[in-house]
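upload_29.cif (mmCIF, C-alpha atoms and all ligand atoms) appears below.
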data_data
#
loop_
_atom_site.label_atom_id
_atom_site.label_comp_id
_atom_site.auth_asym_id
_atom_site.auth_seq_id
_atom_site.Cartn_x
_atom_site.Cartn_y
_atom_site.Cartn_z
CA MET A 1 -22.04 -3.54 8.92
CA ASN A 2 -23.20 -6.40 11.14
CA LEU A 3 -20.45 -7.03 13.68
CA LYS A 4 -22.37 -9.57 15.77
CA ASN A 5 -19.76 -12.34 15.41
CA ILE A 6 -16.76 -10.26 16.33
CA ILE A 7 -15.33 -7.94 18.97
CA ASN A 8 -15.21 -4.50 17.40
CA ASP A 9 -11.90 -3.43 18.97
CA LEU A 10 -11.31 -0.83 16.26
CA LYS A 11 -14.40 1.07 17.35
CA GLU A 12 -14.86 4.27 15.28
CA LEU A 13 -11.87 3.51 13.06
CA SER A 14 -13.85 0.83 11.25
CA ASN A 15 -16.97 2.99 10.92
CA PRO A 16 -17.09 4.43 7.39
CA LYS A 17 -19.24 7.33 8.55
CA LYS A 18 -16.40 8.70 10.69
CA TYR A 19 -13.10 10.45 9.93
CA HIS A 20 -14.33 12.47 6.95
CA ASN A 21 -12.83 15.76 8.14
CA PRO A 22 -9.59 17.37 6.99
CA ILE A 23 -6.56 16.22 8.98
CA SER A 24 -4.13 17.99 11.27
CA ILE A 25 -0.93 18.89 9.42
CA LYS A 26 0.84 20.53 12.35
CA ASN A 27 4.64 20.30 12.52
CA VAL A 28 5.06 18.85 9.03
CA ASN A 29 6.90 21.02 6.55
CA LYS A 30 5.28 22.23 3.36
CA LYS A 31 7.69 20.36 1.09
CA THR A 32 6.92 17.01 2.73
CA LEU A 33 3.16 17.66 2.56
CA GLN A 34 3.33 18.58 -1.11
CA LYS A 35 5.47 15.56 -1.92
CA MET A 36 3.04 13.22 -0.13
CA LEU A 37 0.05 14.80 -1.89
CA ASN A 38 1.77 14.55 -5.27
CA THR A 39 2.72 10.87 -4.80
CA MET A 40 -0.76 9.93 -3.58
CA ILE A 41 -2.30 11.57 -6.64
CA ILE A 42 0.14 9.73 -8.94
CA ILE A 43 -0.74 6.41 -7.31
CA ARG A 44 -4.51 7.06 -7.49
CA LYS A 45 -4.35 7.99 -11.16
CA THR A 46 -2.11 5.02 -11.97
CA GLU A 47 -4.55 2.63 -10.28
CA ASN A 48 -7.48 4.21 -12.10
CA LYS A 49 -5.65 3.91 -15.42
CA LEU A 50 -4.98 0.22 -14.73
CA ALA A 51 -8.68 -0.24 -13.87
CA TRP A 52 -9.52 1.34 -17.22
CA GLY A 53 -7.00 -0.93 -18.99
CA LYS A 54 -8.50 -4.00 -17.35
CA ARG A 55 -12.05 -2.92 -18.15
CA ASN A 56 -11.08 -2.54 -21.80
CA ASN A 57 -9.36 -5.93 -21.93
CA LEU A 58 -5.95 -4.44 -22.58
CA ILE A 59 -4.29 -6.23 -19.63
CA GLY A 60 -3.81 -9.98 -19.50
CA GLY A 61 -3.38 -11.09 -15.88
CA PRO A 62 -5.25 -10.21 -12.68
CA VAL A 63 -4.73 -6.74 -11.21
CA HIS A 64 -5.33 -6.00 -7.52
CA LEU A 65 -5.93 -2.29 -7.15
CA GLY A 66 -5.22 -0.24 -4.04
CA ALA A 67 -7.08 3.01 -4.82
CA GLY A 68 -8.18 4.51 -1.50
CA GLN A 69 -5.20 3.05 0.40
CA GLU A 70 -2.49 5.42 -0.93
CA ALA A 71 -1.74 7.19 2.37
CA ILE A 72 -0.19 4.06 3.88
CA ALA A 73 2.71 3.42 1.52
CA VAL A 74 3.25 7.14 0.99
CA GLY A 75 3.36 8.00 4.71
CA VAL A 76 5.64 5.06 5.59
CA SER A 77 8.01 5.53 2.62
CA GLN A 78 8.79 9.12 3.61
CA ASN A 79 10.87 7.58 6.40
CA LEU A 80 12.72 4.98 4.32
CA LYS A 81 16.13 4.91 2.64
CA LYS A 82 17.06 3.29 -0.65
CA THR A 83 19.19 0.79 1.29
CA ASP A 84 16.22 -0.51 3.32
CA HIS A 85 14.56 -3.74 2.17
CA VAL A 86 10.86 -3.39 1.41
CA PHE A 87 8.54 -6.30 0.55
CA GLY A 88 4.93 -6.43 -0.61
CA ALA A 89 2.35 -8.96 -1.74
CA HIS A 90 -0.48 -9.17 -4.29
CA ARG A 91 -1.71 -5.55 -3.90
CA SER A 92 1.61 -3.75 -4.10
CA HIS A 93 1.51 -1.08 -6.82
CA SER A 94 1.41 1.64 -4.16
CA HIS A 95 4.26 0.06 -2.15
CA LEU A 96 6.55 0.31 -5.15
CA LEU A 97 5.32 3.64 -6.55
CA ALA A 98 5.77 5.30 -3.15
CA LEU A 99 9.49 4.44 -3.41
CA ASN A 100 9.79 5.13 -7.13
CA PRO A 101 6.80 6.81 -8.81
CA ASN A 102 7.73 5.46 -12.25
CA PHE A 103 4.25 4.54 -13.51
CA TYR A 104 5.59 3.96 -17.02
CA LYS A 105 7.63 0.96 -15.79
CA LEU A 106 4.62 -0.33 -13.87
CA PHE A 107 2.35 -0.05 -16.94
CA ALA A 108 4.99 -1.83 -19.02
CA GLU A 109 5.25 -4.62 -16.42
CA VAL A 110 1.51 -5.13 -16.14
CA LEU A 111 1.30 -5.24 -19.95
CA GLY A 112 4.07 -7.88 -20.02
CA LYS A 113 6.61 -5.67 -21.77
CA LYS A 114 10.39 -6.00 -21.71
CA THR A 115 10.71 -2.45 -20.32
CA GLY A 116 8.75 -3.26 -17.13
CA PHE A 117 10.02 -3.46 -13.55
CA SER A 118 10.50 -7.25 -13.84
CA LYS A 119 11.32 -7.27 -17.56
CA GLY A 120 7.69 -8.07 -18.35
CA MET A 121 7.89 -11.51 -16.77
CA GLY A 122 6.15 -10.76 -13.49
CA GLY A 123 3.02 -8.75 -14.14
CA SER A 124 1.09 -6.89 -11.48
CA MET A 125 1.95 -9.31 -8.65
CA HIS A 126 5.70 -9.86 -9.14
CA LEU A 127 7.22 -6.42 -8.89
CA PHE A 128 10.89 -5.80 -8.20
CA ASP A 129 12.98 -2.62 -8.05
CA LYS A 130 16.16 -3.27 -6.10
CA SER A 131 17.78 0.11 -6.75
CA ASN A 132 14.93 1.79 -4.86
CA GLY A 133 14.81 -0.76 -2.04
CA PHE A 134 11.83 -2.78 -3.29
CA TYR A 135 12.80 -6.44 -2.97
CA GLY A 136 9.63 -7.91 -4.30
CA SER A 137 5.99 -8.68 -4.21
CA VAL A 138 4.46 -12.13 -4.65
CA PRO A 139 0.87 -13.42 -4.89
CA ILE A 140 1.31 -15.91 -2.01
CA VAL A 141 -0.37 -14.27 0.98
CA ALA A 142 2.30 -13.78 3.72
CA GLY A 143 4.97 -15.33 1.46
CA THR A 144 7.34 -12.38 1.80
CA VAL A 145 7.04 -12.00 5.59
CA PRO A 146 9.86 -14.45 6.55
CA LEU A 147 11.98 -13.08 3.68
CA ALA A 148 11.64 -9.59 5.11
CA VAL A 149 12.66 -10.84 8.56
CA GLY A 150 15.68 -12.50 6.91
CA ALA A 151 16.62 -9.29 5.10
CA ALA A 152 16.33 -7.38 8.37
CA MET A 153 18.55 -9.94 10.12
CA ALA A 154 21.13 -9.62 7.33
CA ALA A 155 21.21 -5.83 7.78
CA LYS A 156 21.69 -6.32 11.52
CA MET A 157 24.53 -8.83 11.01
CA LYS A 158 26.24 -6.41 8.62
CA LYS A 159 25.87 -3.78 11.34
CA LYS A 160 24.01 -1.42 9.03
CA ARG A 161 21.22 0.80 10.26
CA ASP A 162 18.99 -0.39 7.42
CA ILE A 163 15.65 -1.97 8.17
CA GLY A 164 13.24 -4.47 6.65
CA VAL A 165 9.68 -3.44 5.92
CA VAL A 166 6.85 -5.75 4.96
CA TYR A 167 3.32 -4.77 4.01
CA ILE A 168 0.71 -7.32 5.07
CA GLY A 169 -3.09 -7.38 4.97
CA ASP A 170 -5.60 -8.31 7.65
CA GLY A 171 -5.88 -11.66 5.83
CA SER A 172 -2.19 -12.44 6.20
CA VAL A 173 -2.47 -13.24 9.92
CA GLU A 174 -4.54 -16.26 8.94
CA GLU A 175 -1.24 -17.78 7.76
CA GLY A 176 0.93 -19.47 10.42
CA VAL A 177 4.19 -18.16 9.01
CA VAL A 178 3.28 -14.62 10.07
CA HIS A 179 3.18 -15.66 13.72
CA GLU A 180 6.46 -17.55 13.42
CA SER A 181 7.96 -14.45 11.83
CA PHE A 182 6.67 -12.11 14.57
CA ASN A 183 8.10 -14.44 17.22
CA LEU A 184 11.48 -14.86 15.51
CA ALA A 185 11.81 -11.15 14.76
CA LYS A 186 11.18 -10.30 18.42
CA ILE A 187 13.51 -12.96 19.84
CA GLN A 188 16.30 -11.97 17.43
CA LYS A 189 15.60 -8.21 17.76
CA ALA A 190 15.36 -8.01 13.96
CA PRO A 191 15.16 -4.43 12.66
CA ILE A 192 11.84 -4.75 10.87
CA LEU A 193 8.60 -2.81 10.58
CA PHE A 194 5.44 -4.86 9.95
CA VAL A 195 2.94 -2.60 8.19
CA VAL A 196 -0.60 -3.94 8.44
CA GLU A 197 -3.02 -2.60 5.87
CA ASN A 198 -6.25 -3.56 7.56
CA ASN A 199 -8.91 -2.92 4.92
CA LEU A 200 -11.37 -5.23 6.74
CA PHE A 201 -11.55 -7.67 3.83
CA ALA A 202 -9.60 -10.67 2.56
CA SER A 203 -10.72 -11.45 -0.97
CA HIS A 204 -14.49 -11.28 -0.69
CA MET A 205 -14.85 -11.96 3.03
CA HIS A 206 -15.32 -9.39 5.75
CA ILE A 207 -13.11 -9.74 8.83
CA SER A 208 -16.12 -10.54 11.04
CA LEU A 209 -16.55 -13.80 9.11
CA ARG A 210 -12.90 -14.73 9.60
CA GLN A 211 -11.57 -13.54 12.96
CA PRO A 212 -12.79 -13.05 16.54
CA SER A 213 -11.58 -9.41 16.68
CA ASP A 214 -11.12 -6.80 13.97
CA LYS A 215 -7.85 -5.55 15.50
CA ILE A 216 -4.75 -7.15 13.98
CA SER A 217 -2.32 -5.46 16.38
CA ARG A 218 -3.47 -7.89 19.08
CA PHE A 219 -0.78 -10.17 17.62
CA ALA A 220 1.87 -7.51 18.32
CA VAL A 221 0.75 -7.57 21.97
CA ALA A 222 1.00 -11.38 21.94
CA ASN A 223 4.63 -11.12 20.82
CA ASN A 224 5.59 -8.16 22.98
CA ILE A 225 6.22 -6.05 19.87
CA PRO A 226 5.63 -2.29 20.21
CA PHE A 227 2.82 -1.09 17.94
CA LYS A 228 0.70 1.86 16.84
CA LEU A 229 -2.86 1.79 15.54
CA GLU A 230 -3.85 4.63 13.21
CA ASP A 231 -6.38 5.89 10.71
CA GLY A 232 -4.73 4.62 7.51
CA ASN A 233 -6.41 7.33 5.43
CA ASN A 234 -4.62 10.10 7.30
CA VAL A 235 -1.23 10.39 5.64
CA VAL A 236 0.19 12.64 8.36
CA SER A 237 -0.67 10.16 11.16
CA VAL A 238 0.86 7.37 9.10
CA TYR A 239 3.99 9.45 8.43
CA LYS A 240 4.47 10.59 12.04
CA SER A 241 3.70 7.27 13.74
CA SER A 242 5.80 5.21 11.35
CA LYS A 243 8.66 7.71 11.81
CA LYS A 244 8.70 7.13 15.57
CA LEU A 245 8.67 3.35 15.15
CA ILE A 246 11.29 3.39 12.37
CA ASP A 247 13.59 5.63 14.43
CA SER A 248 13.40 3.15 17.31
CA ILE A 249 13.99 0.17 14.98
CA ARG A 250 17.06 1.90 13.46
CA SER A 251 18.43 2.58 16.91
CA GLY A 252 18.48 -1.17 17.66
CA GLU A 253 15.25 -1.58 19.64
CA GLY A 254 14.01 -4.53 17.56
CA PRO A 255 10.81 -4.96 15.55
CA ALA A 256 7.66 -2.83 15.58
CA LEU A 257 4.24 -3.04 13.99
CA ILE A 258 1.90 -0.38 12.69
CA GLU A 259 -1.73 -1.18 11.97
CA LEU A 260 -3.51 1.14 9.58
CA ILE A 261 -7.23 1.06 9.00
CA THR A 262 -8.29 1.67 5.43
CA TYR A 263 -10.57 0.45 2.66
CA ARG A 264 -10.11 -0.42 -0.98
CA TRP A 265 -12.34 1.37 -3.43
CA TYR A 266 -12.36 -1.40 -6.02
CA GLY A 267 -13.37 -4.99 -5.36
CA HIS A 268 -10.77 -7.62 -4.50
CA VAL A 269 -9.45 -7.98 -8.04
CA ASP A 270 -9.79 -5.98 -11.26
CA TRP A 271 -11.88 -2.91 -11.96
CA ARG A 272 -15.36 -3.46 -10.57
CA ASP A 273 -16.32 -1.84 -7.28
CA ASP A 274 -19.43 -3.97 -6.74
CA ILE A 275 -17.82 -7.39 -7.09
CA ASP A 276 -17.86 -8.05 -3.35
CA VAL A 277 -21.51 -7.14 -2.94
CA GLY A 278 -23.57 -9.95 -1.53
CA VAL A 279 -20.90 -11.01 0.93
CA LYS A 280 -20.60 -8.12 3.39
CA ARG A 281 -19.46 -5.15 1.38
CA SER A 282 -22.21 -2.76 0.38
CA LEU A 283 -22.00 0.06 -2.13
CA LYS A 284 -23.30 2.35 0.63
CA ASP A 285 -20.17 1.53 2.66
CA VAL A 286 -17.97 2.15 -0.38
CA LYS A 287 -19.65 5.56 -0.83
CA ASN A 288 -19.01 6.46 2.80
CA TRP A 289 -15.41 5.24 2.70
CA LYS A 290 -14.84 7.49 -0.31
CA LEU A 291 -15.62 10.41 2.00
CA ARG A 292 -12.59 9.30 4.04
CA ASP A 293 -10.45 9.97 0.94
CA PRO A 294 -6.80 10.40 2.03
CA ILE A 295 -6.04 12.75 -0.88
CA GLN A 296 -8.97 15.09 -0.36
CA ARG A 297 -8.45 15.21 3.41
CA LEU A 298 -4.82 16.30 3.01
CA SER A 299 -5.55 18.71 0.18
CA LYS A 300 -8.37 20.43 2.13
CA SER A 301 -6.11 20.86 5.18
CA MET A 302 -3.38 22.41 3.05
CA ILE A 303 -5.83 24.76 1.32
CA LYS A 304 -7.15 25.85 4.73
CA LEU A 305 -3.62 26.87 5.77
CA ASP A 306 -3.08 28.63 2.46
CA ILE A 307 -0.15 26.44 1.44
CA TRP A 308 -2.11 24.90 -1.44
CA SER A 309 -5.02 25.94 -3.70
CA LYS A 310 -7.75 24.44 -5.88
CA LYS A 311 -6.12 26.06 -8.88
CA LYS A 312 -2.74 24.48 -8.12
CA GLU A 313 -4.41 21.10 -7.70
CA GLU A 314 -6.17 21.45 -11.05
CA ILE A 315 -2.86 22.22 -12.76
CA LEU A 316 -1.18 19.28 -11.01
CA ASN A 317 -4.03 16.91 -11.95
CA ASN A 318 -3.82 17.93 -15.62
CA LYS A 319 -0.05 17.55 -15.65
CA ILE A 320 -0.14 14.04 -14.17
CA ASP A 321 -3.04 13.00 -16.45
CA LYS A 322 -1.01 13.97 -19.51
CA LYS A 323 2.09 12.12 -18.27
CA ILE A 324 0.00 9.02 -17.57
CA GLN A 325 -1.49 9.11 -21.08
CA THR A 326 1.96 9.41 -22.65
CA ALA A 327 3.42 6.64 -20.47
CA TRP A 328 0.54 4.27 -21.25
CA LYS A 329 0.85 4.88 -25.02
CA LYS A 330 4.59 4.27 -24.87
CA ALA A 331 4.22 1.08 -22.79
CA ILE A 332 1.58 -0.29 -25.19
CA LYS A 333 4.02 0.07 -28.09
CA ASP A 334 6.98 -1.47 -26.22
CA PRO A 335 8.24 -4.95 -27.21
CA TYR A 336 7.54 -8.16 -25.29
CA PRO A 337 10.55 -10.04 -23.92
CA SER A 338 12.00 -12.54 -26.38
CA ALA A 339 11.19 -16.22 -25.88
CA ASP A 340 14.85 -17.14 -25.41
CA SER A 341 15.14 -14.80 -22.40
CA THR A 342 12.57 -16.70 -20.32
CA LEU A 343 15.09 -18.94 -18.54
CA LYS A 344 17.73 -16.28 -18.21
CA TYR A 345 16.40 -14.80 -14.96
CA VAL A 346 15.23 -17.94 -13.14
CA TYR A 347 18.34 -18.10 -10.93
CA SER A 348 20.18 -15.08 -9.65
CA LYS A 349 23.85 -14.82 -10.55
CA LYS A 350 25.85 -13.09 -7.87
C1 LIG B 401 -1.32 -18.70 0.71
C2 LIG B 401 -2.46 -18.10 -0.04
N1 LIG B 401 -3.73 -18.41 0.29
C3 LIG B 401 -4.77 -17.86 -0.39
C4 LIG B 401 -4.54 -17.01 -1.44
C5 LIG B 401 -5.70 -16.36 -2.18
N2 LIG B 401 -5.78 -14.95 -1.82
C6 LIG B 401 -5.26 -13.98 -2.59
S1 LIG B 401 -5.43 -12.47 -1.91
C7 LIG B 401 -6.23 -13.09 -0.58
C8 LIG B 401 -6.76 -12.20 0.50
C9 LIG B 401 -5.70 -11.44 1.19
O1 LIG B 401 -6.30 -10.53 2.06
P1 LIG B 401 -5.45 -9.44 2.79
O2 LIG B 401 -4.20 -10.05 3.30
O3 LIG B 401 -6.33 -8.81 3.79
O4 LIG B 401 -5.06 -8.41 1.64
P2 LIG B 401 -6.02 -7.47 0.73
O5 LIG B 401 -6.40 -8.26 -0.47
O6 LIG B 401 -7.16 -7.08 1.55
O7 LIG B 401 -5.16 -6.32 0.36
C10 LIG B 401 -6.35 -14.47 -0.65
C11 LIG B 401 -7.00 -15.32 0.36
C12 LIG B 401 -3.19 -16.72 -1.77
N3 LIG B 401 -2.89 -15.89 -2.76
N4 LIG B 401 -2.17 -17.25 -1.04
MG MG B 402 -7.43 -7.06 3.60
#

Here is a file; write its structure as structure tokens.
Amino acid sequence: MNLKNIINDLKELSNPKKYHNPISIKNVNKKTLQKMLNTMIIIRKTENKLAWGKRNNLIGGPVHLGAGQEAIAVGVSQNLKKTDHVFGAHRSHSHLLALNPNFYKLFAEVLGKKTGFSKGMGGSMHLFDKSNGFYGSVPIVAGTVPLAVGAAMAAKMKKKRDIGVVYIGDGSVEEGVVHESFNLAKIQKAPILFVVENNLFASHMHISLRQPSDKISRFAVANNIPFKLEDGNNVVSVYKSSKKLIDSIRSGEGPALIELITYRWYGHVDWRDDIDVGVKRSLKDVKNWKLRDPIQRLSKSMIKLDIWSKKKEEILNNKIDKKIQTAWKKAIKDPYPSADSTLKYVYSKK
């Protein structure tokens, strides 16, 4: 990668040839590790199934896939409660599935079926699951950031220990509202965690063509917001660092930010992995980033400590594959919403 135009503040974290080794899983209990592995595998397989559906023209709208980035939502969500308010954007399947791994409802939504998360009226980019704390994703980059600050402020005014969480990309800081939201959150001590998924790309453009530094947490420094910078493909680092920040937010310390370095395995939108080639992304980079696979790194560490095995993983993979097949077939057969229901959900009735 040519980083001539930019300060490479991320150093090794942005180098796809680094961080291929198994991760340290010290001081994390076996149950939590297995749960995180299981959820990451579910998310990966769901994304791959959606890629297959798109490739075979079975899905109507655009689908932004997050395969490769699973460790972020999974590590953060381990520390969340159903009463927290979580917001996403255009690439949010993992954000929702990490709170509620119901891939059947996601398939139904993406296929436009009445049984989907948003009654089939939202598609891949308008997901909603209030009972599990997911207050919505929208395609407008940074659109949910002020909403999340508002939700966090509401929790504070109600004197609850709930927090707001918003997932943003490296591209989102090119929107002014993000900076207004950082500033307001800090001044008001809003209980919110900003989770930056820095995958080095916004649509088809590498960060070096868009910003003077590749480190997004510089904006936390600018707003005096505490932050952590981590390898986003290490689920244990994500889990532990977000826990510390979330504990401090819940105890009334105000906002925090976590920046997680990752990479998406597919191109910006839909199923191809070579769609960004010719801009800055090369298939060689993609190949190297796949060696920083968050699932394999956790699984290898668990096998090393004898709390997991290749055989167990094979059984788990087969089990999830079968469930995904069944869920897809069911969602395909589900009905579409009726035409007369289209206006029914435009305004919320309290
Ligand atoms: C306000 C706005 N501007 C532009 C777009 C077009 N757009 C969709 S996704 C995207 C890139 C977002 O990049 P990033 O925030 O890094 O998220 P990633 O796609 O990498 O997950 C852009 C520019 C949009 N949806 N909304
Ligand atoms: Mg990005």

**Request:** Could you give me, as a list of chain:residue names, every polymer residue with an atom at most 6 Å away from an atom of ligand LIG 401 (chain B), counting only C-alpha atoms and all ligand atoms?
**Result:**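 Checking only C-alpha atoms and all ligand atoms against ligand LIG 401 (chain B) at 6 Å gives A:Arg91, A:Pro139, A:Ile140, A:Val141, A:Ile168, A:Gly169, A:Asp170, A:Gly171, A:Ser172, A:Asn199, A:Phe201, A:Ala202, A:Ser203, A:His268.
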
**Request:** Point out the residue among A:Ser94, A:Ser137, A:Asn198, A:Gln69 with the least atom-to-atom distance to ligand MG 402 (chain B), counting all atoms listed in the file.
**Result:** A:Asn198

**Asked** Please, what distance in Å, to one decimal, runs between atom CA of His95 of chain A and atom CA of Ala222 of chain A?
**Response**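 Rounded to one decimal, the two atoms are 26.9 Å apart.
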
**Message:** Residues within 9 Å of Lys30 of chain A, please, as a PyMOL selection string. Count all atoms listed in the file; anything in the same chain fewer than 4 positions from it doesn't count.
**Reply:** chain A and resi 34-35+302+307

**Message:** With all atoms listed in the file as the counted atoms, please give the residues lying no more than 12 Å from segment 223-226 of chain A, apart from itself and same-chain residues fewer than 2 positions off, as number ranges by chain.
**Reply:** A: 178-194, 217-221, 228-229, 241-242, 244-246, 248-249, 253-259

**Asked** What does the distance from atom CA of Leu147 of chain A to atom CA of Met205 of chain A come to in Å, to one decimal?
**Response**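 Computed distance, atom CA of Leu147 of chain A to atom CA of Met205 of chain A, equals 26.9 Å.
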
**Fill in**
If you count all atoms listed in the file, the residue of A:Ile303, A:Leu283, A:Leu33, A:Val149 closest to Val177 of chain A turns out to be A:Val149

**Message:** Can you pull out the residues contacting Lys114 of chain A? Cut-off 9 Å, using all atoms listed in the file, and skip same-chain residues under 5 positions away; I want them as a PyMOL selection string.
**Reply:** chain A and resi 108-109+119-121+334-338

**Item:** Residue nearest ligand MG 402 (chain B) - candidates A:Asp276, A:Glu47, A:Glu70, A:Glu197, atoms counted: only C-alpha atoms and all ligand atoms
**Value:** A:Glu197
